[in-house]
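Heads up, protein_14.cif below (mmCIF, C-alpha atoms):
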```cif
data_input
loop_
_atom_site.label_atom_id
_atom_site.label_comp_id
_atom_site.auth_asym_id
_atom_site.auth_seq_id
_atom_site.Cartn_x
_atom_site.Cartn_y
_atom_site.Cartn_z
CA MET A 4 -31.72 45.84 68.30
CA VAL A 5 -29.47 45.30 71.34
CA PRO A 6 -25.79 46.24 71.28
CA HIS A 7 -23.60 43.85 73.15
CA LEU A 8 -21.37 45.38 75.75
CA VAL A 9 -18.08 44.30 77.23
CA THR A 10 -17.08 44.29 80.87
CA ALA A 11 -16.12 41.77 83.53
CA LEU A 12 -18.67 39.00 83.96
CA ASN A 13 -19.98 38.17 87.39
CA GLY A 14 -22.80 36.14 88.80
CA PRO A 15 -24.08 32.59 88.35
CA ILE A 16 -27.39 33.56 86.76
CA ASN A 17 -26.63 31.14 84.00
CA GLU A 18 -29.83 29.09 83.79
CA LEU A 19 -31.89 32.21 83.06
CA GLU A 20 -29.30 33.32 80.51
CA ALA A 21 -29.37 29.92 78.77
CA ARG A 22 -33.17 29.99 78.63
CA MET A 23 -33.19 33.46 77.06
CA LEU A 24 -30.51 32.56 74.52
CA ASP A 25 -32.43 29.47 73.46
CA SER A 26 -35.47 31.70 72.90
CA VAL A 27 -34.02 34.71 71.03
CA PRO A 28 -36.34 34.40 67.96
CA ALA A 29 -39.41 33.99 70.20
CA ILE A 30 -38.34 36.91 72.44
CA GLU A 31 -37.72 39.29 69.53
CA ARG A 32 -41.01 38.33 67.87
CA TRP A 33 -42.84 38.85 71.19
CA PHE A 34 -41.38 42.36 71.53
CA ARG A 35 -42.21 43.12 67.90
CA LEU A 36 -45.87 42.19 68.45
CA GLU A 37 -46.04 44.20 71.68
CA TRP A 38 -44.69 47.30 69.91
CA MET A 39 -47.41 46.92 67.29
CA GLU A 40 -49.93 47.48 70.11
CA HIS A 41 -48.06 49.94 72.33
CA THR A 42 -45.98 53.09 71.85
CA PRO A 43 -42.57 53.14 73.56
CA PRO A 44 -41.58 56.19 75.60
CA LEU A 45 -39.25 58.45 73.60
CA TYR A 46 -36.31 57.62 75.85
CA THR A 47 -35.83 55.46 78.93
CA SER A 48 -33.08 54.36 81.28
CA VAL A 49 -33.44 51.34 83.57
CA ASP A 50 -31.39 50.44 86.64
CA VAL A 51 -30.94 46.66 86.59
CA ARG A 52 -29.84 44.48 89.50
CA ASN A 53 -28.19 41.09 88.95
CA ALA A 54 -28.37 39.11 92.20
CA GLY A 55 -27.00 35.91 90.71
CA PHE A 56 -30.32 34.19 91.46
CA LYS A 57 -32.60 36.84 89.90
CA LEU A 58 -32.26 39.72 87.46
CA ALA A 59 -34.70 42.59 87.84
CA PRO A 60 -35.22 46.29 87.11
CA VAL A 61 -35.35 48.40 90.28
CA ASP A 62 -36.00 51.81 88.74
CA THR A 63 -37.20 53.15 85.38
CA ASN A 64 -36.46 56.76 84.44
CA LEU A 65 -38.47 58.47 81.70
CA PHE A 66 -36.27 61.61 81.73
CA PRO A 67 -32.78 60.04 81.68
CA GLY A 68 -30.00 62.47 82.50
CA GLY A 69 -26.85 60.43 81.96
CA TRP A 70 -26.40 60.48 78.17
CA ASN A 71 -22.91 61.91 78.72
CA ASN A 72 -21.91 58.56 80.26
CA LEU A 73 -22.34 56.69 76.97
CA THR A 74 -19.20 56.20 74.91
CA PRO A 75 -18.80 57.90 71.50
CA GLU A 76 -18.97 54.41 69.93
CA MET A 77 -22.57 54.16 71.08
CA LEU A 78 -23.67 57.42 69.40
CA PRO A 79 -24.40 56.12 65.87
CA LEU A 80 -26.95 53.70 67.29
CA ALA A 81 -28.55 56.48 69.36
CA VAL A 82 -28.75 58.72 66.27
CA GLN A 83 -30.38 55.94 64.23
CA ALA A 84 -32.90 55.30 67.00
CA ALA A 85 -33.65 59.05 67.22
CA MET A 86 -34.27 59.10 63.46
CA ALA A 87 -36.67 56.17 63.76
CA ALA A 88 -38.56 57.89 66.58
CA ILE A 89 -38.85 61.19 64.70
CA GLU A 90 -40.08 59.49 61.54
CA LYS A 91 -42.96 57.98 63.54
CA ILE A 92 -43.83 61.08 65.58
CA CYS A 93 -43.41 63.97 63.16
CA PRO A 94 -41.73 62.98 59.86
CA GLU A 95 -41.61 66.59 58.61
CA ALA A 96 -40.05 67.85 61.86
CA LYS A 97 -37.42 70.54 61.41
CA ASN A 98 -37.10 72.19 64.83
CA LEU A 99 -36.79 70.56 68.26
CA LEU A 100 -37.13 72.54 71.49
CA LEU A 101 -35.26 70.85 74.35
CA ILE A 102 -36.26 71.89 77.89
CA PRO A 103 -33.65 70.83 80.47
CA GLU A 104 -33.69 70.85 84.27
CA LYS A 105 -33.34 74.21 85.99
CA HIS A 106 -30.19 73.30 87.98
CA THR A 107 -28.10 74.52 85.10
CA ARG A 108 -24.82 74.94 87.04
CA ASN A 109 -24.32 71.17 87.32
CA THR A 110 -21.66 70.56 84.66
CA PHE A 111 -22.25 66.77 84.58
CA TYR A 112 -25.91 67.39 83.82
CA LEU A 113 -25.08 70.05 81.22
CA THR A 114 -22.76 67.61 79.46
CA ASN A 115 -25.74 65.24 79.27
CA VAL A 116 -27.82 68.04 77.66
CA ALA A 117 -25.01 68.70 75.15
CA ARG A 118 -24.99 64.98 74.26
CA LEU A 119 -28.77 65.06 73.65
CA VAL A 120 -28.35 68.12 71.43
CA GLN A 121 -25.65 66.25 69.49
CA ILE A 122 -27.83 63.13 69.02
CA PHE A 123 -30.90 64.99 67.77
CA THR A 124 -28.89 67.40 65.63
CA GLN A 125 -27.27 64.46 63.86
CA ALA A 126 -30.73 62.94 63.48
CA GLY A 127 -31.62 65.95 61.31
CA LEU A 128 -33.16 68.56 63.62
CA ASN A 129 -32.39 72.15 64.55
CA VAL A 130 -32.13 71.92 68.35
CA ARG A 131 -32.38 74.88 70.72
CA LEU A 132 -32.70 75.01 74.51
CA GLY A 133 -35.55 76.71 76.35
CA THR A 134 -35.56 77.04 80.13
CA LEU A 135 -38.34 77.01 82.71
CA ASP A 136 -36.18 79.24 84.94
CA PRO A 137 -37.99 82.60 85.25
CA GLU A 138 -34.68 84.33 86.05
CA VAL A 139 -33.43 83.68 82.50
CA THR A 140 -34.86 86.59 80.51
CA ALA A 141 -32.36 86.67 77.64
CA PRO A 142 -30.19 84.08 75.83
CA THR A 143 -27.63 82.90 78.40
CA GLU A 144 -24.43 80.95 77.79
CA LEU A 145 -23.53 78.13 80.16
CA ALA A 146 -19.96 76.85 80.29
CA LEU A 147 -19.20 73.17 79.71
CA PRO A 148 -16.06 71.30 80.78
CA GLY A 149 -13.52 71.53 77.96
CA GLY A 150 -14.43 75.08 76.93
CA ASP A 151 -17.66 74.52 74.96
CA THR A 152 -20.89 76.33 75.85
CA LEU A 153 -24.63 75.80 75.71
CA THR A 154 -27.12 78.63 75.19
CA VAL A 155 -30.43 78.54 77.06
CA GLU A 156 -33.22 80.94 76.10
CA PRO A 157 -36.45 82.15 77.72
CA LEU A 158 -39.59 80.35 76.56
CA ILE A 159 -42.23 82.24 74.59
CA ARG A 160 -45.80 80.99 74.98
CA THR A 161 -48.64 81.95 72.65
CA GLN A 162 -52.20 80.78 73.10
CA ARG A 163 -51.61 77.43 71.41
CA ARG A 164 -47.84 76.99 70.95
CA LEU A 165 -44.55 77.12 72.82
CA GLY A 166 -41.25 78.22 71.32
CA LEU A 167 -38.37 80.68 71.47
CA LYS A 168 -37.75 83.97 69.73
CA ASN A 169 -37.76 83.24 65.96
CA PHE A 170 -38.06 79.49 66.67
CA ASP A 171 -41.29 77.52 66.28
CA PRO A 172 -40.72 73.79 67.02
CA CYS A 173 -42.82 70.85 65.86
CA THR A 174 -41.69 68.79 68.87
CA ILE A 175 -40.78 69.69 72.46
CA LEU A 176 -38.45 67.30 74.30
CA LEU A 177 -38.53 67.45 78.09
CA ASN A 178 -35.37 66.50 79.97
CA ASN A 179 -36.98 67.90 83.11
CA ASP A 180 -38.86 65.40 85.29
CA LEU A 181 -41.37 67.98 86.63
CA SER A 182 -40.74 67.01 90.27
CA ALA A 183 -41.82 70.49 91.39
CA GLY A 184 -45.14 70.28 89.52
CA ILE A 185 -46.43 70.98 86.02
CA PRO A 186 -45.65 74.57 84.93
CA PRO A 187 -48.67 76.32 83.34
CA VAL A 188 -46.49 77.20 80.31
CA LEU A 189 -46.47 73.50 79.34
CA GLU A 190 -50.23 72.95 79.64
CA GLY A 191 -52.69 72.94 76.75
CA LEU A 192 -50.15 72.42 73.95
CA HIS A 193 -52.39 70.51 71.56
CA GLU A 194 -50.67 71.59 68.34
CA GLN A 195 -47.18 70.35 69.24
CA TYR A 196 -45.74 67.01 70.31
CA LEU A 197 -44.64 67.16 73.96
CA LEU A 198 -42.34 64.22 74.79
CA PRO A 199 -42.48 62.60 77.27
CA PRO A 200 -46.09 63.62 78.05
CA LEU A 201 -46.85 65.68 81.15
CA HIS A 202 -48.24 62.68 83.04
CA ALA A 203 -44.82 60.99 82.78
CA GLY A 204 -43.46 63.64 85.18
CA TRP A 205 -43.12 63.01 88.91
CA ALA A 206 -45.87 65.54 89.64
CA VAL A 207 -48.26 62.80 88.46
CA ARG A 208 -46.29 59.56 88.06
CA ARG A 209 -45.96 56.91 90.80
CA LYS A 210 -43.45 54.06 90.97
CA THR A 211 -46.19 51.71 92.19
CA HIS A 212 -48.11 52.31 88.92
CA HIS A 213 -44.95 51.41 87.01
CA PHE A 214 -44.24 48.21 88.92
CA GLN A 215 -47.90 47.20 88.68
CA ALA A 216 -47.53 47.47 84.89
CA TYR A 217 -44.14 45.69 85.06
CA GLU A 218 -45.73 42.81 86.98
CA GLU A 219 -48.19 42.35 84.10
CA VAL A 220 -45.38 42.44 81.52
CA ALA A 221 -43.23 40.03 83.56
CA LYS A 222 -46.10 37.53 83.80
CA LYS A 223 -46.69 37.64 80.03
CA PHE A 224 -42.99 37.27 79.26
CA SER A 225 -42.49 34.49 81.81
CA LYS A 226 -45.40 32.55 80.34
CA LEU A 227 -43.64 32.74 76.96
CA MET A 228 -40.41 31.55 78.59
CA GLY A 229 -41.98 28.91 80.84
CA MET A 230 -40.42 30.34 83.99
CA ASP A 231 -41.28 31.85 87.38
CA PRO A 232 -41.95 35.64 86.95
CA TRP A 233 -40.23 36.24 90.31
CA LEU A 234 -36.86 35.63 88.62
CA ILE A 235 -37.24 38.96 86.78
CA ASN A 236 -39.75 40.82 88.97
CA PRO A 237 -39.13 42.58 92.31
CA MET A 238 -42.15 42.20 94.63
CA TYR A 239 -43.50 45.42 96.12
CA THR A 240 -46.21 47.05 98.22
CA ARG A 241 -46.99 50.65 99.21
CA CYS A 242 -48.09 53.00 102.00
CA GLY A 243 -50.08 56.04 100.98
CA GLU A 244 -50.06 58.31 104.05
CA VAL A 245 -46.65 58.68 105.65
CA ASN A 246 -44.88 61.59 107.33
CA PHE A 247 -41.36 60.62 108.42
CA GLY A 248 -40.71 64.06 109.90
CA GLU A 249 -43.64 63.78 112.31
CA GLY A 250 -43.37 60.00 112.66
CA SER A 251 -46.93 59.37 111.46
CA GLY A 252 -47.83 56.43 109.22
CA ILE A 253 -44.68 54.52 110.23
CA GLU A 254 -46.85 51.61 111.50
CA CYS A 255 -48.16 51.12 107.94
CA VAL A 256 -44.57 50.97 106.67
CA GLN A 257 -43.56 48.52 109.43
CA THR A 258 -46.50 46.18 108.76
CA ASN A 259 -45.86 46.14 105.02
CA VAL A 260 -42.09 45.72 105.44
CA ASP A 261 -42.69 42.73 107.72
CA ALA A 262 -45.18 41.12 105.30
CA LEU A 263 -42.92 41.65 102.27
CA LEU A 264 -39.84 40.27 104.08
CA GLY A 265 -41.92 37.17 104.88
CA LYS A 266 -42.81 36.71 101.18
CA ILE A 267 -39.15 37.10 100.17
CA ARG A 268 -38.04 34.55 102.81
CA ARG A 269 -40.50 32.01 101.38
CA LYS A 270 -39.11 32.58 97.86
CA TYR A 271 -35.53 32.28 99.13
CA LYS A 272 -36.43 29.00 100.84
CA GLU A 273 -38.07 27.72 97.62
CA TYR A 274 -34.87 28.42 95.64
CA GLY A 275 -32.39 27.43 98.37
CA ILE A 276 -31.00 30.98 98.68
CA ASN A 277 -29.04 31.62 101.88
CA GLU A 278 -28.96 35.41 101.66
CA LYS A 279 -30.62 37.62 104.30
CA PRO A 280 -33.57 39.35 102.60
CA PHE A 281 -34.04 43.11 102.71
CA VAL A 282 -36.43 45.71 101.29
CA ILE A 283 -35.93 49.19 99.92
CA VAL A 284 -38.30 51.89 101.18
CA LYS A 285 -38.41 54.85 98.82
CA ALA A 286 -40.56 57.80 97.83
CA ASP A 287 -43.30 56.67 95.43
CA ASN A 288 -42.49 59.64 93.24
CA GLY A 289 -39.16 61.26 92.58
CA THR A 290 -35.65 60.45 91.51
CA TYR A 291 -31.99 61.44 92.03
CA GLY A 292 -31.59 58.68 94.63
CA MET A 293 -33.34 60.80 97.29
CA GLY A 294 -35.77 59.49 99.91
CA ILE A 295 -34.42 55.90 99.95
CA MET A 296 -33.51 53.55 102.81
CA THR A 297 -32.55 49.87 103.12
CA VAL A 298 -34.51 47.91 105.77
CA ARG A 299 -33.53 44.40 106.88
CA ASP A 300 -35.96 44.12 109.81
CA ALA A 301 -39.24 45.97 110.49
CA LYS A 302 -37.96 46.76 114.03
CA GLN A 303 -35.39 49.11 112.44
CA LEU A 304 -38.23 51.53 111.75
CA GLU A 305 -38.97 51.95 115.48
CA GLU A 306 -35.63 53.59 116.08
CA ILE A 307 -34.75 55.54 112.94
CA ASN A 308 -32.78 58.63 113.88
CA ARG A 309 -33.55 62.26 113.12
CA ARG A 310 -31.05 62.34 110.24
CA THR A 311 -32.74 59.38 108.52
CA ARG A 312 -36.18 60.91 109.14
CA ASN A 313 -35.04 64.15 107.51
CA LYS A 314 -33.52 62.23 104.58
CA MET A 315 -36.78 60.36 104.04
CA SER A 316 -39.04 63.42 104.49
CA VAL A 317 -38.05 65.51 101.48
CA ILE A 318 -36.96 64.73 97.93
CA LYS A 319 -35.91 66.77 94.89
CA ASP A 320 -37.15 70.37 94.67
CA GLY A 321 -38.20 70.25 98.34
CA GLN A 322 -41.19 68.00 97.71
CA GLU A 323 -42.50 66.28 100.85
CA VAL A 324 -42.69 62.49 100.91
CA THR A 325 -46.22 61.30 101.74
CA GLU A 326 -46.32 58.02 99.80
CA VAL A 327 -43.70 55.27 99.73
CA ILE A 328 -43.15 52.11 97.72
CA ILE A 329 -41.67 49.19 99.65
CA GLN A 330 -39.75 47.10 97.13
CA GLU A 331 -38.06 43.73 97.40
CA GLY A 332 -34.34 44.39 97.69
CA VAL A 333 -32.30 42.85 94.88
CA PRO A 334 -28.63 42.57 95.92
CA THR A 335 -26.06 43.14 93.19
CA CYS A 336 -23.27 40.66 92.53
CA GLU A 337 -21.63 42.94 89.95
CA ARG A 338 -18.21 44.39 90.76
CA ILE A 339 -15.79 46.76 89.07
CA ASN A 340 -12.38 46.84 90.77
CA GLU A 341 -13.99 45.42 93.92
CA ALA A 342 -16.53 48.29 94.07
CA VAL A 343 -20.23 47.41 94.00
CA ALA A 344 -21.83 48.12 90.61
CA GLU A 345 -25.15 47.93 88.77
CA PRO A 346 -25.79 48.13 85.02
CA VAL A 347 -27.95 50.98 83.70
CA VAL A 348 -29.49 50.32 80.28
CA TYR A 349 -30.27 53.28 77.98
CA MET A 350 -32.98 53.11 75.32
CA LEU A 351 -34.22 55.49 72.66
CA ASP A 352 -37.55 54.64 71.03
CA ARG A 353 -37.74 50.80 71.29
CA TYR A 354 -34.00 50.25 70.85
CA VAL A 355 -31.29 49.62 73.41
CA VAL A 356 -28.58 52.14 72.47
CA GLY A 357 -26.02 51.59 75.24
CA GLY A 358 -25.45 51.84 78.94
CA PHE A 359 -22.97 52.11 81.76
CA TYR A 360 -22.21 50.75 85.20
CA ARG A 361 -23.10 52.85 88.21
CA VAL A 362 -20.28 52.09 90.66
CA HIS A 363 -20.01 53.05 94.33
CA ALA A 364 -16.96 52.11 96.43
CA ASP A 365 -18.65 53.07 99.72
CA ARG A 366 -21.91 51.16 99.32
CA GLY A 367 -22.85 47.54 100.02
CA ILE A 368 -24.57 45.03 97.77
CA ASP A 369 -27.92 45.80 99.43
CA GLU A 370 -27.73 49.61 99.27
CA ASN A 371 -28.81 52.32 96.86
CA LEU A 372 -25.90 53.22 94.54
CA ASN A 373 -27.49 56.38 93.12
CA SER A 374 -25.96 58.64 95.74
CA PRO A 375 -23.09 61.14 96.09
CA GLY A 376 -19.77 59.44 95.38
CA ALA A 377 -21.11 57.24 92.57
CA GLN A 378 -18.97 56.87 89.46
CA PHE A 379 -20.02 55.87 85.97
CA VAL A 380 -18.07 53.36 83.93
CA PRO A 381 -19.20 53.13 80.29
CA LEU A 382 -20.10 49.75 78.90
CA ALA A 383 -17.96 49.64 75.77
CA PHE A 384 -18.90 48.02 72.47
CA ALA A 385 -17.14 44.86 71.45
CA GLU A 386 -16.33 43.99 67.84
CA SER A 387 -19.28 44.78 65.59
CA GLY A 388 -21.49 42.22 63.92
CA HIS A 389 -22.15 40.00 66.94
CA MET A 390 -25.34 39.87 68.91
CA ALA A 391 -26.25 37.05 71.28
CA ARG A 392 -23.77 34.23 70.62
CA ALA A 393 -25.44 30.89 70.05
CA GLY A 394 -23.63 27.95 71.60
CA ALA A 395 -21.55 29.96 74.06
CA LYS A 396 -21.41 28.49 77.56
CA PRO A 397 -23.76 30.43 79.90
CA GLY A 398 -21.86 33.00 81.92
CA ALA A 399 -18.85 32.90 79.59
CA SER A 400 -19.91 35.46 76.99
CA ALA A 401 -20.17 39.20 77.57
CA PRO A 402 -22.49 39.74 74.58
CA ASN A 403 -24.88 37.12 75.95
CA ARG A 404 -24.88 38.62 79.43
CA PHE A 405 -25.64 42.05 78.05
CA TYR A 406 -28.26 40.76 75.66
CA MET A 407 -30.02 39.55 78.81
CA TYR A 408 -29.68 42.98 80.46
CA GLY A 409 -31.13 44.53 77.31
CA VAL A 410 -34.13 42.19 77.44
CA VAL A 411 -34.89 43.17 81.05
CA GLY A 412 -34.40 46.86 80.19
CA ARG A 413 -36.88 46.53 77.31
CA LEU A 414 -39.40 44.75 79.56
CA ALA A 415 -39.26 47.76 81.91
CA MET A 416 -39.62 50.13 78.94
CA LEU A 417 -42.67 48.18 77.76
CA ALA A 418 -44.09 48.42 81.28
CA ALA A 419 -43.59 52.21 81.12
CA SER A 420 -45.61 52.18 77.91
CA TYR A 421 -48.43 50.26 79.63
CA GLU A 422 -48.18 52.64 82.60
CA LEU A 423 -48.43 55.81 80.50
CA GLU A 424 -51.42 54.42 78.61
CA ALA A 425 -53.19 53.54 81.88
CA THR A 426 -52.56 56.96 83.45
CA ASP A 427 -53.15 59.14 80.36
CA PRO A 428 -55.69 61.82 81.38
CA ASP A 429 -56.64 62.38 77.72
CA ALA A 430 -57.12 58.71 76.82
CA GLU A 431 -60.30 57.92 74.95
CA VAL A 432 -62.61 55.69 76.94
CA TYR A 433 -64.45 52.91 75.14
CA ASN A 434 -67.39 51.31 76.93
#
```
Before anything else, please render the file you have as structure tokens.
Amino acid sequence: MVPHLVTALNGPINELEARMLDSVPAIERWFRLEWMEHTPPLYTSVDVRNAGFKLAPVDTNLFPGGWNNLTPEMLPLAVQAAMAAIEKICPEAKNLLLIPEKHTRNTFYLTNVARLVQIFTQAGLNVRLGTLDPEVTAPTELALPGGDTLTVEPLIRTQRRLGLKNFDPCTILLNNDLSAGIPPVLEGLHEQYLLPPLHAGWAVRRKTHHFQAYEEVAKKFSKLMGMDPWLINPMYTRCGEVNFGEGSGIECVQTNVDALLGKIRRKYKEYGINEKPFVIVKADNGTYGMGIMTVRDAKQLEEINRRTRNKMSVIKDGQEVTEVIIQEGVPTCERINEAVAEPVVYMLDRYVVGGFYRVHADRGIDENLNSPGAQFVPLAFAESGHMARAGAKPGASAPNRFYMYGVVGRLAMLAASYELEATDPDAEVYN
């Protein structure tokens, strides 16, 4: 279920690790029962922060774009997980239409698309790429590093189906997070499987909905474990009408920042933590590390400069920020060659299939690492056949540490499942 990964171990979060390792059968059974009731997203990546005193997800991506950062050793597991997903969704599937982002000149992103094509091809599907870019009117080759190419083709929409010329897919896989809105060409496709669903895109999705669902999952899991949910759950609040460019709604952000910092201080006092608390203010929708700032004191918001206002005003595809989530900051105690790092866990269907460290030499332990200058260090497999190692001293075993990261990643994935069910516009309502 969870591959163990090898890298340098850091952080004294050993009591939580010991508790999880003592409870592996109960944890795996709990997940198994949850997946009997809920459908996992097709694929998910989760940014995890290990503070030494707590371990929590800080972001959950339902359109992960870093598959190229997984090592080749991780691919067989990804292929197996893709097979399991396809068997559940559309067992007779033959053709898969993959719709990537429109910024097709980004070679890192294109390498990610090529990796997805490889995974689903090896899982037994004919995979072709269709683009939402209206300027692509004929099959177009895109160059990859190393000399390979990808071919993107214009989409062809009939009344009920979406495909390409001479290509009618059973399933459509979106690797486009719909930040700019839902294109009409994707609406009303009731005869084909569209994964993830349209309401998983940032045109509809909100981070506060996700962390509301995660709070529910964390409480359930913590009851099973007999522990404080705060140890795995970042507290949060939100402001729904903000305009950083004009300076309106900032009072709401200040008030909520102040209140949340007070809650964090009380928790720090309870656990004897001597760190200075901070919060992360970020756009309630959107990704790519845009529209994010670290705040250590509410007074900071009185004097934010024009550059910061501009940075907070607009996110990907030029979308204006009008809603923000204010999230408890979780510092990271992970390091790779002295640079600050955070693990990112990748999942396909309900399986952890690998991950990597996001590393940033120019960022602090309380800052967003998903920004220009970040590097990605793959988490490599260790010798096969070992999962969590019973009897190992807490903090001394890489497999055990990464088993724990995989558990937190799966909790966030389960929360995404809850979230998508709660926000599904086509859900049947039972009175």
Review point. So what do you get for atom CA of Glu326 of chain A versus atom CA of Gly243 of chain A, distance-wise?
Key: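 Computing it gives 4.4 Å between the two atoms.
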Practice item. Go through the shown structure with the PyMOL selection byres ((chain A and resi 352) around 8) and write out the matching residues as a list in words. Key: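 Against this file, the PyMOL selection byres ((chain A and resi 352) around 8) returns the residues Pro43, Pro44, Leu45, Tyr46, Ala84, Ala85, Ala87, Ala88, Met350, Leu351, Arg353 and Tyr354 of chain A.
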Please, could you write that set of residues out with C-alpha atoms as a PDB file, keeping the file's coordinate frame?
```pdb
ATOM      1  CA  PRO A  43     -42.570  53.140  73.560  1.00  0.00           C
ATOM      2  CA  PRO A  44     -41.580  56.190  75.600  1.00  0.00           C
ATOM      3  CA  LEU A  45     -39.250  58.450  73.600  1.00  0.00           C
ATOM      4  CA  TYR A  46     -36.310  57.620  75.850  1.00  0.00           C
ATOM      5  CA  ALA A  84     -32.900  55.300  67.000  1.00  0.00           C
ATOM      6  CA  ALA A  85     -33.650  59.050  67.220  1.00  0.00           C
ATOM      7  CA  ALA A  87     -36.670  56.170  63.760  1.00  0.00           C
ATOM      8  CA  ALA A  88     -38.560  57.890  66.580  1.00  0.00           C
ATOM      9  CA  MET A 350     -32.980  53.110  75.320  1.00  0.00           C
ATOM     10  CA  LEU A 351     -34.220  55.490  72.660  1.00  0.00           C
ATOM     11  CA  ARG A 353     -37.740  50.800  71.290  1.00  0.00           C
ATOM     12  CA  TYR A 354     -34.000  50.250  70.850  1.00  0.00           C
TER      13      TYR A 354
END
```
Practice item. Choose the residue, out of A:Tyr112, A:Tyr406, A:Tyr274, A:Tyr421, that has the smallest atom-to-atom separation from Gly55 of chain A; count all atoms listed in the file. Key: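 Among the listed residues, the smallest separation from Gly55 of chain A belongs to A:Tyr274.
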Practice item. Rank nothing, just name the residue among A:Gln378, A:Asp62, A:Ile159, A:Leu201 nearest to Ala286 of chain A, using all atoms listed in the file. Key: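 Using all atoms listed in the file, the shortest distance to Ala286 of chain A belongs to A:Asp62.
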Enumerate, as a PDB file with C-alpha atoms, keeping the file's coordinate frame, the protein, DNA and RNA residues whose atoms approach (-25.7, 65.5, 90.9) to within 8 Å, taking into account all atoms listed in the file and the coordinate frame of the file.
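Generated output (point_20.pdb):
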```
ATOM      1  CA  ASN A 109     -24.320  71.170  87.320  1.00  0.00           C
ATOM      2  CA  PHE A 111     -22.250  66.770  84.580  1.00  0.00           C
ATOM      3  CA  TYR A 112     -25.910  67.390  83.820  1.00  0.00           C
ATOM      4  CA  TYR A 291     -31.990  61.440  92.030  1.00  0.00           C
ATOM      5  CA  PRO A 375     -23.090  61.140  96.090  1.00  0.00           C
TER       6      PRO A 375
END
```
Exercise for review: Just say which residues the PyMOL selection byres ((chain A and resi 238) around 8) picks in this file, as number ranges by chain.
Suggested key: A: 233, 236-237, 239-240, 263, 330-331
Spatial neighbours of Thr140 of chain A, max dist 12 Å, all atoms listed in the file, sep filter under 5 positions, as a short mmCIF file (atom, residue, chain, number, x, y, z; two decimals) with C-alpha atoms, in the coordinates of the input:
```cif
data_model
loop_
_atom_site.label_atom_id
_atom_site.label_comp_id
_atom_site.auth_asym_id
_atom_site.auth_seq_id
_atom_site.Cartn_x
_atom_site.Cartn_y
_atom_site.Cartn_z
CA GLY A 133 -35.55 76.71 76.35
CA THR A 134 -35.56 77.04 80.13
CA LEU A 135 -38.34 77.01 82.71
CA VAL A 155 -30.43 78.54 77.06
CA GLU A 156 -33.22 80.94 76.10
CA PRO A 157 -36.45 82.15 77.72
CA LEU A 158 -39.59 80.35 76.56
CA ILE A 159 -42.23 82.24 74.59
CA LEU A 167 -38.37 80.68 71.47
CA LYS A 168 -37.75 83.97 69.73
#
```
Exercise for review: Using atom CA of Glu144 of chain A and atom CA of Ser374 of chain A as the two end points, give the distance in Å to one decimal.
Suggested key: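 Interatomic distance here is 28.7 Å.
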Check your understanding: For the atom pair atom CA of Asn169 of chain A and atom CA of Leu197 of chain A, what is the interatomic distance in Å to one decimal place?
Key -> 19.2 Å
**Study point:** Selection under test: the PyMOL selection byres ((chain A and resi 224) around 12); residues as a ChimeraX atom specification
**Key:** /A:23,26,29-34,37,217-223,225-236,410-411,413-415,417-418
Exercise for review: Find the residues near Leu423 of chain A: any atom within 12 Å, counting all atoms listed in the file, skip ones fewer than 3 places away on the same chain, and give them as a PyMOL selection string.
Suggested key: chain A and resi 41-45+65+198-204+207-210+212-213+215-217+416-420+426-430
Residue subset to file, keeping C-alpha atoms, as a short mmCIF file (atom, residue, chain, number, x, y, z; two decimals), in the coordinates of the input:
```cif
data_model
loop_
_atom_site.label_atom_id
_atom_site.label_comp_id
_atom_site.auth_asym_id
_atom_site.auth_seq_id
_atom_site.Cartn_x
_atom_site.Cartn_y
_atom_site.Cartn_z
CA HIS A 41 -48.06 49.94 72.33
CA THR A 42 -45.98 53.09 71.85
CA PRO A 43 -42.57 53.14 73.56
CA PRO A 44 -41.58 56.19 75.60
CA LEU A 45 -39.25 58.45 73.60
CA LEU A 65 -38.47 58.47 81.70
CA LEU A 198 -42.34 64.22 74.79
CA PRO A 199 -42.48 62.60 77.27
CA PRO A 200 -46.09 63.62 78.05
CA LEU A 201 -46.85 65.68 81.15
CA HIS A 202 -48.24 62.68 83.04
CA ALA A 203 -44.82 60.99 82.78
CA GLY A 204 -43.46 63.64 85.18
CA VAL A 207 -48.26 62.80 88.46
CA ARG A 208 -46.29 59.56 88.06
CA ARG A 209 -45.96 56.91 90.80
CA LYS A 210 -43.45 54.06 90.97
CA HIS A 212 -48.11 52.31 88.92
CA HIS A 213 -44.95 51.41 87.01
CA GLN A 215 -47.90 47.20 88.68
CA ALA A 216 -47.53 47.47 84.89
CA TYR A 217 -44.14 45.69 85.06
CA MET A 416 -39.62 50.13 78.94
CA LEU A 417 -42.67 48.18 77.76
CA ALA A 418 -44.09 48.42 81.28
CA ALA A 419 -43.59 52.21 81.12
CA SER A 420 -45.61 52.18 77.91
CA THR A 426 -52.56 56.96 83.45
CA ASP A 427 -53.15 59.14 80.36
CA PRO A 428 -55.69 61.82 81.38
CA ASP A 429 -56.64 62.38 77.72
CA ALA A 430 -57.12 58.71 76.82
#
```
Exercise for review: Tell me which of A:Thr154, A:Asn115, A:Gln303, A:Ser251 sits closest to Leu73 of chain A, counting only C-alpha atoms.
Suggested key: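 Closest residue, counting only C-alpha atoms: A:Asn115.
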